[in-house]
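> Dropping in model11.txt, which is compact mmCIF, C-alpha atoms:
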```txt
# COMPACT_ATOMS: atom_id res chain seq x y z
CA MET Z 1 -26.97 -6.29 11.53
CA THR Z 2 -26.80 -2.98 13.33
CA LYS Z 3 -28.13 -1.42 16.47
CA ARG Z 4 -29.08 2.24 16.35
CA VAL Z 5 -27.82 4.30 19.26
CA ASN Z 6 -29.69 7.10 20.99
CA LYS Z 7 -27.50 10.18 20.55
CA ARG Z 8 -29.20 12.14 23.34
CA LYS Z 9 -26.91 10.43 25.85
CA GLN Z 10 -23.75 11.84 24.34
CA ALA Z 11 -21.08 13.26 26.63
CA LEU Z 12 -20.91 17.05 26.71
CA SER Z 13 -17.16 17.38 27.26
CA PHE Z 14 -13.96 15.42 26.79
CA GLU Z 15 -13.50 15.31 30.56
CA LYS Z 16 -16.73 13.33 30.95
CA MET Z 17 -15.70 10.64 28.47
CA GLY Z 18 -13.38 8.84 30.84
CA LEU Z 19 -10.26 9.84 28.94
CA SER Z 20 -6.88 9.96 30.64
CA ASP Z 21 -5.66 13.22 32.16
CA GLU Z 22 -2.83 13.23 29.62
CA MET Z 23 -5.24 13.02 26.70
CA VAL Z 24 -7.54 15.72 28.09
CA ALA Z 25 -4.54 17.99 28.58
CA LYS Z 26 -3.30 17.28 25.03
CA LEU Z 27 -6.71 18.04 23.53
CA SER Z 28 -6.77 21.36 25.35
CA GLU Z 29 -3.24 22.11 24.18
CA VAL Z 30 -4.10 21.59 20.49
CA GLY Z 31 -7.31 23.62 20.72
CA TYR Z 32 -10.03 20.97 21.08
CA GLU Z 33 -12.42 22.82 23.37
CA LYS Z 34 -15.46 20.53 23.19
CA PRO Z 35 -16.38 17.43 21.20
CA THR Z 36 -18.30 17.63 17.96
CA PRO Z 37 -21.47 15.50 17.81
CA VAL Z 38 -19.55 12.78 15.94
CA GLN Z 39 -16.81 12.73 18.57
CA ALA Z 40 -19.29 12.80 21.46
CA GLY Z 41 -21.22 9.91 19.97
CA LEU Z 42 -18.39 7.63 18.82
CA ILE Z 43 -15.60 8.04 21.37
CA PRO Z 44 -17.40 6.65 24.47
CA LEU Z 45 -18.67 3.62 22.52
CA ALA Z 46 -15.27 3.02 20.93
CA MET Z 47 -13.72 3.05 24.39
CA GLU Z 48 -16.14 0.22 25.24
CA GLU Z 49 -14.60 -1.76 22.35
CA SER Z 50 -17.79 -1.84 20.31
CA ASP Z 51 -17.78 -2.21 16.53
CA LEU Z 52 -19.21 1.02 15.15
CA ILE Z 53 -20.64 2.44 11.94
CA GLY Z 54 -20.59 6.24 11.87
CA GLN Z 55 -22.61 7.87 9.09
CA SER Z 56 -21.48 11.45 8.75
CA GLN Z 57 -20.38 14.05 6.25
CA THR Z 58 -16.84 15.37 6.02
CA GLY Z 59 -15.75 18.25 8.24
CA THR Z 60 -17.33 16.82 11.39
CA GLY Z 61 -14.23 15.78 13.32
CA LYS Z 62 -14.21 12.09 12.41
CA THR Z 63 -10.43 11.66 12.59
CA ALA Z 64 -10.36 12.52 16.27
CA ALA Z 65 -13.42 10.31 16.81
CA PHE Z 66 -11.39 7.21 15.96
CA GLY Z 67 -7.91 8.58 16.68
CA ILE Z 68 -8.54 9.35 20.35
CA PRO Z 69 -9.81 5.84 21.28
CA ILE Z 70 -6.87 4.27 19.44
CA LEU Z 71 -4.32 6.48 21.19
CA GLU Z 72 -5.94 5.91 24.60
CA GLN Z 73 -5.75 2.13 24.27
CA LEU Z 74 -2.33 1.62 22.67
CA GLU Z 75 -0.03 -0.86 24.37
CA MET Z 76 3.30 0.94 24.79
CA ASP Z 77 5.24 -1.62 26.84
CA SER Z 78 6.89 -3.44 23.92
CA PRO Z 79 10.53 -2.39 23.34
CA ARG Z 80 9.86 -2.31 19.59
CA PRO Z 81 6.58 -0.78 18.36
CA VAL Z 82 4.13 -3.31 16.91
CA THR Z 83 1.23 -2.41 14.63
CA GLN Z 84 -1.95 -2.32 16.70
CA ALA Z 85 -4.22 -0.12 14.56
CA LEU Z 86 -4.77 0.06 10.80
CA ILE Z 87 -6.61 2.97 9.18
CA LEU Z 88 -7.59 2.68 5.51
CA THR Z 89 -8.40 5.82 3.49
CA PRO Z 90 -9.43 6.34 -0.16
CA THR Z 91 -6.76 8.88 -1.14
CA ARG Z 92 -3.13 9.69 -0.48
CA GLU Z 93 -4.01 13.19 0.64
CA LEU Z 94 -6.46 11.93 3.24
CA ALA Z 95 -3.95 9.36 4.49
CA VAL Z 96 -1.36 12.10 5.04
CA GLN Z 97 -3.92 14.28 6.79
CA VAL Z 98 -5.07 11.48 9.11
CA GLU Z 99 -1.48 10.59 9.99
CA ARG Z 100 -0.71 14.23 10.74
CA GLU Z 101 -3.80 14.65 12.92
CA ILE Z 102 -3.19 11.49 14.96
CA THR Z 103 0.43 12.49 15.52
CA LYS Z 104 -0.76 15.89 16.73
CA LEU Z 105 -3.23 14.31 19.16
CA ALA Z 106 -0.79 11.76 20.62
CA PRO Z 107 -0.08 12.65 24.27
CA ASN Z 108 2.89 10.29 24.26
CA HIS Z 109 5.67 11.44 21.93
CA HIS Z 110 6.87 7.83 21.61
CA VAL Z 111 3.80 6.92 19.53
CA ARG Z 112 4.87 6.01 15.99
CA CYS Z 113 2.47 6.44 13.08
CA CYS Z 114 3.41 5.32 9.55
CA CYS Z 115 1.75 6.49 6.34
CA LEU Z 116 1.62 4.06 3.39
CA TYR Z 117 0.47 5.15 -0.06
CA GLY Z 118 1.48 4.92 -3.69
CA GLY Z 119 3.52 7.53 -5.50
CA ARG Z 120 6.31 7.36 -2.91
CA PRO Z 121 9.33 5.01 -2.90
CA ILE Z 122 8.27 1.79 -1.26
CA LYS Z 123 11.77 1.23 0.15
CA THR Z 124 11.42 4.25 2.44
CA GLN Z 125 8.15 2.84 3.78
CA ILE Z 126 9.72 -0.59 4.28
CA ASN Z 127 12.48 0.98 6.36
CA GLN Z 128 9.88 2.79 8.49
CA LEU Z 129 7.99 -0.44 9.07
CA LYS Z 130 11.20 -2.25 10.05
CA LYS Z 131 11.69 0.28 12.84
CA GLY Z 132 8.16 -0.43 14.05
CA CYS Z 133 4.87 1.48 13.98
CA HIS Z 134 2.02 1.52 16.48
CA ILE Z 135 -0.48 2.90 13.95
CA VAL Z 136 -0.51 2.43 10.18
CA VAL Z 137 -2.51 4.76 7.93
CA GLY Z 138 -2.68 4.03 4.23
CA THR Z 139 -4.53 3.49 0.99
CA PRO Z 140 -5.77 -0.07 0.38
CA GLY Z 141 -3.57 -0.72 -2.64
CA ARG Z 142 -0.29 0.14 -0.93
CA VAL Z 143 -1.25 -1.55 2.36
CA LEU Z 144 -2.08 -4.75 0.49
CA ASP Z 145 1.25 -4.48 -1.35
CA HIS Z 146 3.11 -4.41 1.99
CA LEU Z 147 1.08 -7.34 3.32
CA GLN Z 148 1.95 -9.39 0.24
CA ARG Z 149 5.62 -8.47 0.61
CA ARG Z 150 5.37 -9.37 4.33
CA THR Z 151 6.87 -6.00 5.22
CA LEU Z 152 3.76 -5.16 7.28
CA ASN Z 153 3.01 -7.46 10.23
CA ILE Z 154 -0.54 -7.20 11.57
CA ASN Z 155 -0.52 -10.22 13.89
CA LYS Z 156 -1.03 -7.95 16.91
CA LEU Z 157 -3.66 -5.76 15.26
CA TRP Z 158 -6.74 -5.04 17.38
CA PHE Z 159 -8.31 -1.94 15.76
CA VAL Z 160 -9.28 -1.38 12.11
CA VAL Z 161 -10.80 1.80 10.67
CA LEU Z 162 -12.39 2.09 7.23
CA ASP Z 163 -12.49 5.84 6.69
CA GLU Z 164 -14.67 7.26 3.88
CA ALA Z 165 -15.73 3.70 3.10
CA ASP Z 166 -18.22 4.63 0.40
CA ARG Z 167 -15.56 6.60 -1.46
CA MET Z 168 -13.13 3.67 -1.26
CA LEU Z 169 -15.73 1.43 -2.88
CA ASP Z 170 -16.61 4.09 -5.47
CA ILE Z 171 -13.06 4.15 -6.78
CA GLY Z 172 -12.70 0.38 -6.94
CA PHE Z 173 -10.94 -0.56 -3.71
CA ARG Z 174 -13.45 -3.18 -2.60
CA PRO Z 175 -11.37 -6.25 -3.65
CA ASP Z 176 -8.29 -4.85 -1.89
CA ILE Z 177 -10.27 -4.00 1.26
CA GLU Z 178 -11.72 -7.51 1.42
CA ARG Z 179 -8.28 -9.09 0.99
CA ILE Z 180 -6.92 -6.93 3.80
CA MET Z 181 -9.85 -7.59 6.13
CA ARG Z 182 -9.52 -11.34 5.66
CA GLN Z 183 -5.93 -11.13 6.89
CA CYS Z 184 -6.75 -9.07 9.98
CA PRO Z 185 -6.79 -11.00 13.26
CA THR Z 186 -9.96 -11.79 15.17
CA PRO Z 187 -11.24 -10.79 17.57
CA ARG Z 188 -10.65 -7.15 16.78
CA GLN Z 189 -12.50 -3.86 16.95
CA THR Z 190 -13.66 -2.33 13.66
CA MET Z 191 -14.99 1.15 12.92
CA LEU Z 192 -16.50 2.08 9.57
CA LEU Z 193 -17.07 5.72 8.67
CA SER Z 194 -19.09 6.67 5.63
CA ALA Z 195 -21.17 9.56 4.33
CA THR Z 196 -23.66 7.13 2.78
CA LEU Z 197 -24.61 3.51 3.41
CA PRO Z 198 -25.31 1.91 0.02
CA PRO Z 199 -25.83 -1.88 -0.15
CA PRO Z 200 -22.13 -2.69 -0.76
CA ILE Z 201 -21.22 -0.92 2.49
CA VAL Z 202 -23.90 -2.82 4.38
CA LEU Z 203 -22.59 -6.09 2.93
CA LEU Z 204 -19.03 -5.18 3.95
CA ALA Z 205 -20.22 -4.49 7.50
CA LYS Z 206 -22.07 -7.82 7.67
CA ARG Z 207 -19.00 -9.74 6.59
CA TYR Z 208 -16.32 -8.10 8.69
CA MET Z 209 -17.97 -6.46 11.72
CA HIS Z 210 -19.40 -7.98 14.89
CA TYR Z 211 -22.89 -6.64 15.69
CA PRO Z 212 -21.91 -3.04 14.90
CA LYS Z 213 -23.78 -0.14 16.40
CA LEU Z 214 -24.95 2.47 13.89
CA LEU Z 215 -24.83 6.19 14.64
CA ASN Z 216 -26.20 8.52 12.00
CA PHE Z 217 -24.95 12.09 12.30
CA SER Z 218 -26.16 13.33 8.94
CA PRO Z 219 -29.95 13.83 9.07
CA LYS Z 220 -29.56 17.07 7.13
CA ILE Z 221 -27.30 16.87 4.12
CA ALA Z 222 -27.45 20.55 3.18
CA VAL Z 223 -25.16 22.38 5.57
CA GLU Z 224 -27.05 25.25 7.17
CA THR Z 225 -24.05 27.59 7.19
CA ILE Z 226 -23.50 27.31 3.41
CA ASP Z 227 -25.33 29.47 0.88
CA GLN Z 228 -25.83 27.39 -2.28
CA LYS Z 229 -26.49 29.09 -5.62
CA TYR Z 230 -26.36 28.25 -9.30
CA LEU Z 231 -26.13 29.89 -12.71
CA THR Z 232 -27.38 28.55 -16.03
CA VAL Z 233 -24.42 29.23 -18.31
CA PRO Z 234 -23.81 28.23 -21.96
CA TYR Z 235 -20.63 26.19 -22.17
CA GLU Z 236 -18.79 28.82 -24.22
CA MET Z 237 -19.43 31.46 -21.50
CA LYS Z 238 -18.29 29.41 -18.49
CA ASP Z 239 -14.73 30.74 -18.36
CA ASP Z 240 -15.82 34.40 -18.51
CA ILE Z 241 -18.56 33.90 -15.92
CA LEU Z 242 -16.13 32.13 -13.61
CA VAL Z 243 -13.69 35.05 -13.77
CA GLU Z 244 -16.47 37.58 -13.21
CA LEU Z 245 -17.73 35.58 -10.24
CA LEU Z 246 -14.27 35.49 -8.68
CA ASP Z 247 -13.81 39.23 -9.33
CA ARG Z 248 -17.09 40.00 -7.64
CA GLU Z 249 -16.75 37.65 -4.69
CA GLN Z 250 -13.04 38.12 -3.90
CA PRO Z 251 -12.86 34.81 -1.99
CA GLY Z 252 -10.43 34.40 0.86
CA GLN Z 253 -9.72 30.89 -0.41
CA ALA Z 254 -11.66 28.94 -3.02
CA ILE Z 255 -11.70 25.52 -4.64
CA ILE Z 256 -12.86 25.41 -8.28
CA PHE Z 257 -14.00 21.87 -9.09
CA CYS Z 258 -13.79 20.29 -12.55
CA ARG Z 259 -14.87 16.81 -13.62
CA THR Z 260 -11.76 15.64 -15.46
CA LYS Z 261 -7.99 15.84 -15.07
CA LEU Z 262 -7.65 17.27 -18.59
CA GLY Z 263 -10.32 19.90 -17.96
CA THR Z 264 -8.72 20.85 -14.64
CA GLU Z 265 -5.32 21.41 -16.24
CA ARG Z 266 -6.87 23.39 -19.13
CA LEU Z 267 -8.78 25.72 -16.83
CA TYR Z 268 -5.78 26.19 -14.55
CA ARG Z 269 -3.52 27.20 -17.43
CA LYS Z 270 -6.14 29.53 -18.89
CA LEU Z 271 -6.66 31.31 -15.56
CA LEU Z 272 -2.89 31.76 -15.26
CA LYS Z 273 -2.65 33.30 -18.72
CA THR Z 274 -5.79 35.43 -18.86
CA THR Z 275 -6.32 36.77 -15.35
CA ASP Z 276 -4.50 38.90 -12.82
CA PHE Z 277 -5.34 36.52 -10.00
CA ASP Z 278 -2.36 35.65 -7.88
CA SER Z 279 -1.76 32.39 -6.08
CA ILE Z 280 -3.55 29.98 -8.42
CA GLY Z 281 -2.80 26.29 -8.04
CA THR Z 282 -4.11 22.97 -9.29
CA ILE Z 283 -4.30 19.39 -8.15
CA HIS Z 284 -5.39 16.27 -10.02
CA GLY Z 285 -4.49 12.62 -10.47
CA ASP Z 286 -1.97 13.10 -13.31
CA MET Z 287 0.37 15.10 -11.07
CA THR Z 288 3.25 13.43 -9.26
CA GLN Z 289 2.72 12.79 -5.58
CA SER Z 290 5.45 15.27 -4.62
CA ALA Z 291 3.74 17.98 -6.71
CA ARG Z 292 0.38 17.20 -5.11
CA ASP Z 293 1.93 17.33 -1.65
CA ARG Z 294 3.53 20.73 -2.37
CA MET Z 295 0.26 22.10 -3.71
CA MET Z 296 -1.76 20.94 -0.70
CA LYS Z 297 0.89 22.35 1.64
CA GLY Z 298 0.62 25.72 -0.10
CA PHE Z 299 -3.16 25.62 0.08
CA ARG Z 300 -3.17 24.78 3.78
CA GLU Z 301 -0.68 27.57 4.46
CA GLN Z 302 -2.80 29.97 2.33
CA SER Z 303 -0.01 30.80 -0.10
CA VAL Z 304 -2.33 29.26 -2.72
CA ARG Z 305 -5.60 31.19 -2.85
CA PHE Z 306 -7.47 29.52 -5.73
CA LEU Z 307 -7.20 25.76 -6.18
CA VAL Z 308 -8.49 24.26 -9.44
CA ALA Z 309 -9.10 20.60 -8.68
CA THR Z 310 -10.78 17.33 -9.50
CA ASP Z 311 -12.71 15.38 -6.87
CA VAL Z 312 -9.40 14.13 -5.48
CA VAL Z 313 -9.88 16.91 -2.88
CA GLY Z 314 -13.66 16.46 -2.69
CA ARG Z 315 -13.44 14.45 0.50
CA GLY Z 316 -11.52 14.46 3.70
CA ILE Z 317 -9.18 17.40 3.08
CA ASP Z 318 -9.36 19.54 6.18
CA VAL Z 319 -8.64 23.17 5.27
CA SER Z 320 -10.73 25.38 7.51
CA ASN Z 321 -10.40 28.76 5.75
CA ILE Z 322 -12.13 27.93 2.45
CA SER Z 323 -14.77 30.61 1.91
CA HIS Z 324 -16.02 29.60 -1.55
CA ILE Z 325 -16.65 26.46 -3.57
CA ILE Z 326 -17.27 26.85 -7.28
CA ASN Z 327 -18.48 23.87 -9.28
CA TYR Z 328 -17.18 24.84 -12.70
CA ASP Z 329 -18.47 21.43 -13.80
CA VAL Z 330 -21.54 19.81 -12.27
CA PRO Z 331 -20.34 16.59 -10.58
CA GLU Z 332 -21.37 13.28 -12.12
CA LEU Z 333 -22.81 12.04 -8.81
CA SER Z 334 -24.99 14.07 -6.45
CA ASP Z 335 -23.05 12.63 -3.50
CA ASP Z 336 -19.92 14.26 -4.91
CA TYR Z 337 -21.73 17.60 -4.83
CA VAL Z 338 -22.33 17.12 -1.11
CA HIS Z 339 -18.66 16.41 -0.48
CA ARG Z 340 -17.44 19.28 -2.66
CA VAL Z 341 -19.69 21.78 -0.91
CA GLY Z 342 -18.64 20.34 2.44
CA ARG Z 343 -15.14 21.78 1.91
CA THR Z 344 -16.53 25.17 3.04
CA GLY Z 345 -18.70 26.09 6.01
CA ARG Z 346 -16.65 23.76 8.21
CA MET Z 347 -16.95 23.54 11.97
CA GLY Z 348 -19.74 26.13 12.08
CA LYS Z 349 -18.14 28.72 9.80
CA SER Z 350 -20.13 30.28 6.97
CA GLY Z 351 -19.42 29.60 3.31
CA ILE Z 352 -20.89 29.88 -0.15
CA ALA Z 353 -21.06 27.49 -3.10
CA TYR Z 354 -21.80 28.28 -6.75
CA THR Z 355 -22.58 25.75 -9.46
CA LEU Z 356 -22.32 26.54 -13.18
CA VAL Z 357 -24.98 24.54 -15.01
CA THR Z 358 -25.24 24.29 -18.79
CA PRO Z 359 -28.75 24.51 -20.29
CA ASP Z 360 -28.91 20.75 -20.90
CA GLN Z 361 -28.01 19.76 -17.31
CA GLY Z 362 -31.39 20.35 -15.70
CA GLY Z 363 -31.79 16.73 -14.71
CA GLU Z 364 -28.44 16.69 -12.94
CA LEU Z 365 -29.30 19.83 -11.00
CA THR Z 366 -32.65 18.34 -10.01
CA ARG Z 367 -30.95 15.22 -8.64
CA ILE Z 368 -28.62 17.38 -6.55
CA GLU Z 369 -31.54 19.31 -5.08
CA GLN Z 370 -33.40 16.11 -4.31
CA ARG Z 371 -30.27 14.71 -2.67
CA ILE Z 372 -29.83 17.71 -0.35
CA ASN Z 373 -33.57 18.36 0.00
CA LYS Z 374 -33.04 22.00 -0.79
CA LEU Z 375 -33.56 24.30 -3.77
CA LEU Z 376 -30.48 26.12 -4.98
CA GLU Z 377 -30.96 29.86 -5.49
CA VAL Z 378 -30.46 31.64 -8.81
CA ASP Z 379 -27.60 34.11 -8.50
CA LYS Z 380 -28.24 37.70 -9.61
CA LEU Z 381 -25.48 37.38 -12.21
CA GLN Z 382 -28.01 35.32 -14.20
CA GLU Z 383 -29.59 38.54 -15.53
CA LYS Z 384 -26.30 39.55 -17.10
CA ILE Z 385 -25.93 36.12 -18.71
CA ASN Z 386 -29.41 36.42 -20.19
CA GLU Z 387 -28.63 39.86 -21.59
CA ALA Z 388 -25.38 38.60 -23.11
CA ARG Z 389 -27.32 35.91 -24.95
CA GLY Z 390 -29.59 38.59 -26.38
CA LYS Z 391 -32.84 37.05 -25.25
CA GLU Z 392 -34.89 36.18 -22.23
CA ILE Z 393 -34.36 32.63 -21.04
CA ASP Z 394 -35.72 30.65 -18.20
CA ALA Z 395 -33.05 30.73 -15.50
CA ARG Z 396 -33.74 27.09 -14.82
CA PRO Z 397 -32.37 24.44 -17.20
CA SER Z 398 -35.04 23.01 -19.44
CA ALA Z 399 -35.20 19.53 -17.94
CA ARG Z 400 -36.43 20.94 -14.65
CA THR Z 401 -39.37 23.14 -15.60
CA SER Z 402 -41.92 20.34 -15.89
CA LYS Z 403 -41.37 19.20 -12.32
CA LYS Z 404 -44.11 20.56 -10.08
CA ARG Z 405 -41.93 20.36 -7.02
CA TYR Z 406 -39.64 23.05 -8.40
CA ARG Z 407 -42.13 25.44 -9.99
CA ARG Z 408 -42.23 27.58 -6.87
CA ALA Z 409 -38.58 28.48 -7.51
CA LEU Z 410 -39.28 29.98 -10.95
```
I need this file expressed as structure tokens, please.

Amino acid sequence: MTKRVNKRKQALSFEKMGLSDEMVAKLSEVGYEKPTPVQAGLIPLAMEESDLIGQSQTGTGKTAAFGIPILEQLEMDSPRPVTQALILTPTRELAVQVEREITKLAPNHHVRCCCLYGGRPIKTQINQLKKGCHIVVGTPGRVLDHLQRRTLNINKLWFVVLDEADRMLDIGFRPDIERIMRQCPTPRQTMLLSATLPPPIVLLAKRYMHYPKLLNFSPKIAVETIDQKYLTVPYEMKDDILVELLDREQPGQAIIFCRTKLGTERLYRKLLKTTDFDSIGTIHGDMTQSARDRMMKGFREQSVRFLVATDVVGRGIDVSNISHIINYDVPELSDDYVHRVGRTGRMGKSGIAYTLVTPDQGGELTRIEQRINKLLEVDKLQEKINEARGKEIDARPSARTSKKRYRRAL
């Protein structure tokens, strides 16, 4: 199905990629000094009109990796913009971010990019599409809705991007994606970007891509610039330990991850009532889209310092100043841990991640360590937790201690 590409031949600068002078100048203007490995690997091949699978974690510059080739090859001669590129994303927040980034990178101010997602009045989107869009970014459900209404015309489409494909499948978008792909014209160019390549992703590529080339940019899952620590905490002590951790660390900006929408709202309200922390916000799926947009705007602009959130912001949200990630709840899937932690330590910056583990979650912590091929360190606050419980306990959750591979960490 795929052909692996030797990454040693990557271009070292945007100038050497054969991009237009206008694009090179625009990249310099917006602060793109040199390509990331993902950009250096994908852009030249995309310019050759190859179908591509890029396996990479978040925070590696993937939006520019597909946005630049699209912008370079747009046909701008038509008096009314026609949709030439379609970018599918798993969440509304990521769709907005991608649309914003592509608009920023466009060297031609006549380029029109439309963003289609649920939670917003569909009539406004229909009016935008009537005026014409060169590039459409959206979530699969809303894009399929427009296709069924015939308010989105993709007859002239030549480029399709499936961004965060594994996440889209995780949250049940596979039927919608397949319906959309079956309506896309052929021949076309398709790019699939995914942190992991489980069998359903491979099957999707076989069905809808033409001899795609595979580039893997994630040989090491544990980001070297991120310190990763954990604490074994009884459930009833988690709130107090979280506050003490925040008091000690004084993060510049932090995301505190919870598993559920209800738990996220509960923790957010408790922190508001019981702490002196300023600038606390929350984001989860039960909020209206306008409230989520306002919260993300405040977080990006740093007026929100602590964001209590579900995994809705675990992927694809590009906020570069996050110094700390705190997993108040251990994620259900080890892949989600990778994406949560990837919110810090971005683009070479340092960061730190803490995970609060209850004594019965040893197996879950073990799976995370096996996934990242790295042992998490015990934080020194563990001694205080042990003292508070009035007895000596093994810092490691019980399910782990029998595993020989981890005994050296005891």
> Taking all atoms listed in the file into account, name the residue in Z:Ala353, Z:Val96, Z:Ile241, Z:Cys133 that is nearest to Lys297 in chain Z.
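Of Z:Ala353, Z:Val96, Z:Ile241, Z:Cys133, the one nearest Lys297 in chain Z is Z:Val96, counting all atoms listed in the file.
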> Report as JSON lines: every residue of range 189-295 of chain Z with an atom at most 8 Å from range 58-70 of chain Z, its closest pair of atoms, and their distance in Å to one decimal, counting all atoms listed in the file, with rows sorted by chain and ascending residue number.

```
{"residue": "Z:Met191", "atom": "CA", "partner": "Z:Phe66", "partner_atom": "CA", "distance": 7.7}
{"residue": "Z:Leu193", "atom": "CA", "partner": "Z:Lys62", "partner_atom": "CA", "distance": 7.9}
{"residue": "Z:Ala195", "atom": "CA", "partner": "Z:Thr58", "partner_atom": "CA", "distance": 7.4}
```
> Please, which residues are within 12 Å of (-11.8, 38.9, -13.8) by the file's coordinates, counting only C-alpha atoms, and could they come as a PyMOL selection string?
chain Z and resi 239-250+271-278
> I'd like the contact shell of range 368-378 of chain Z - 7 Å cut-off, only C-alpha atoms, skipping same-chain residues fewer than 3 positions apart - returned as a PyMOL selection string.
chain Z and resi 221-222+228-231+334+364-365+382
> Can you measure CA of Met23 in chain Z to CA of Pro107 in chain Z for me? One decimal in Å is fine.
5.7 Å
> From the set Z:Asn327, Z:Gln183, Z:Ser350, Z:Thr225, which residue has the shortest atom-to-atom contact distance to Lys238 in chain Z, counting all atoms listed in the file?
Z:Asn327
> Provide the CA of Asp329 in chain Z to CA of Gln97 in chain Z distance in Å, to one decimal place.
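Between these atoms lies a distance of 26.2 Å.
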> Considering only C-alpha atoms, return as number ranges by chain whatever protein or nucleic-acid residues lie within 12 Å of range 196-200 of chain Z, sequence-local ones (same chain, fewer than 4 positions apart) excluded.
Z: 53-58, 163-170, 172-175, 178, 192, 204-207, 214-219, 221, 334-336, 338-339, 371
> So that I have them on file, write out the residues from the current selection with C-alpha atoms, as a compact mmCIF listing (two decimals), in the coordinates of the input.

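Listing of part.txt after writing:
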```txt
# COMPACT_ATOMS: atom_id res chain seq x y z
CA ILE Z 53 -20.64 2.44 11.94
CA GLY Z 54 -20.59 6.24 11.87
CA GLN Z 55 -22.61 7.87 9.09
CA SER Z 56 -21.48 11.45 8.75
CA GLN Z 57 -20.38 14.05 6.25
CA THR Z 58 -16.84 15.37 6.02
CA ASP Z 163 -12.49 5.84 6.69
CA GLU Z 164 -14.67 7.26 3.88
CA ALA Z 165 -15.73 3.70 3.10
CA ASP Z 166 -18.22 4.63 0.40
CA ARG Z 167 -15.56 6.60 -1.46
CA MET Z 168 -13.13 3.67 -1.26
CA LEU Z 169 -15.73 1.43 -2.88
CA ASP Z 170 -16.61 4.09 -5.47
CA GLY Z 172 -12.70 0.38 -6.94
CA PHE Z 173 -10.94 -0.56 -3.71
CA ARG Z 174 -13.45 -3.18 -2.60
CA PRO Z 175 -11.37 -6.25 -3.65
CA GLU Z 178 -11.72 -7.51 1.42
CA LEU Z 192 -16.50 2.08 9.57
CA LEU Z 204 -19.03 -5.18 3.95
CA ALA Z 205 -20.22 -4.49 7.50
CA LYS Z 206 -22.07 -7.82 7.67
CA ARG Z 207 -19.00 -9.74 6.59
CA LEU Z 214 -24.95 2.47 13.89
CA LEU Z 215 -24.83 6.19 14.64
CA ASN Z 216 -26.20 8.52 12.00
CA PHE Z 217 -24.95 12.09 12.30
CA SER Z 218 -26.16 13.33 8.94
CA PRO Z 219 -29.95 13.83 9.07
CA ILE Z 221 -27.30 16.87 4.12
CA SER Z 334 -24.99 14.07 -6.45
CA ASP Z 335 -23.05 12.63 -3.50
CA ASP Z 336 -19.92 14.26 -4.91
CA VAL Z 338 -22.33 17.12 -1.11
CA HIS Z 339 -18.66 16.41 -0.48
CA ARG Z 371 -30.27 14.71 -2.67
```
> If we count only C-alpha atoms, what is near Ile280 in chain Z at a cut-off of 8 Å, once residues fewer than 5 positions away on the same chain are taken out, given as an mmCIF file with C-alpha atoms, in the coordinates of the input?

```cif
data_model
loop_
_atom_site.group_PDB
_atom_site.id
_atom_site.type_symbol
_atom_site.label_atom_id
_atom_site.label_comp_id
_atom_site.auth_asym_id
_atom_site.auth_seq_id
_atom_site.Cartn_x
_atom_site.Cartn_y
_atom_site.Cartn_z
ATOM 1 C CA TYR Z 268 -5.780 26.190 -14.550
ATOM 2 C CA LEU Z 271 -6.660 31.310 -15.560
ATOM 3 C CA LEU Z 272 -2.890 31.760 -15.260
ATOM 4 C CA VAL Z 304 -2.330 29.260 -2.720
ATOM 5 C CA ARG Z 305 -5.600 31.190 -2.850
ATOM 6 C CA PHE Z 306 -7.470 29.520 -5.730
ATOM 7 C CA LEU Z 307 -7.200 25.760 -6.180
ATOM 8 C CA VAL Z 308 -8.490 24.260 -9.440
#
```
> Rank Z:Met181, Z:Val24, Z:Leu94, Z:Leu71 by their smallest atom-to-atom distance to Cys113 in chain Z, using all atoms listed in the file, and report the top residue only.
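Residue with the minimum atom-to-atom distance to Cys113 in chain Z: Z:Leu71.
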> Counting all atoms listed in the file, figure out which residue out of Z:Leu42, Z:Leu147, Z:Leu162, Z:Leu74 gets nearest to Ala95 in chain Z.
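So, comparing all the options, the nearest one is Z:Leu162.
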> With distances taken over all atoms listed in the file, which residue among Z:Leu52, Z:Ile126, Z:Leu19, Z:Val30 lies nearest Thr103 in chain Z?
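Nearest candidate to Thr103 in chain Z out of Z:Leu52, Z:Ile126, Z:Leu19, Z:Val30: Z:Val30.
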> With all atoms listed in the file as the atoms that count, which of Z:Lys104, Z:Arg269, Z:Arg92, Z:Arg294 lies nearest to Leu27 in chain Z?
Z:Lys104
> Could you tell me how far CA of Leu129 in chain Z sits from CA of Asp176 in chain Z, in Å to one decimal place?
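Taking CA of Asp176 in chain Z and CA of Leu129 in chain Z, their separation equals 20.1 Å.
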> Once you count all atoms listed in the file, which residues end up no further than 9 Å from (-2.7, 0.7, 11.9) in the file's frame, shown as a PyMOL selection string?
chain Z and resi 83-88+113-114+133-138+154+157-161
> If I wrap all listed atoms of range 292-309 of chain Z in a box with edges along x, y and z and add 6 Å on each side, what are its centre and edge lengths in Å to one decimal, as AutoDock Vina command-line options?

```
--center_x -2.8 --center_y 24.2 --center_z -2.5 --size_x 24.6 --size_y 26.0 --size_z 25.9
```
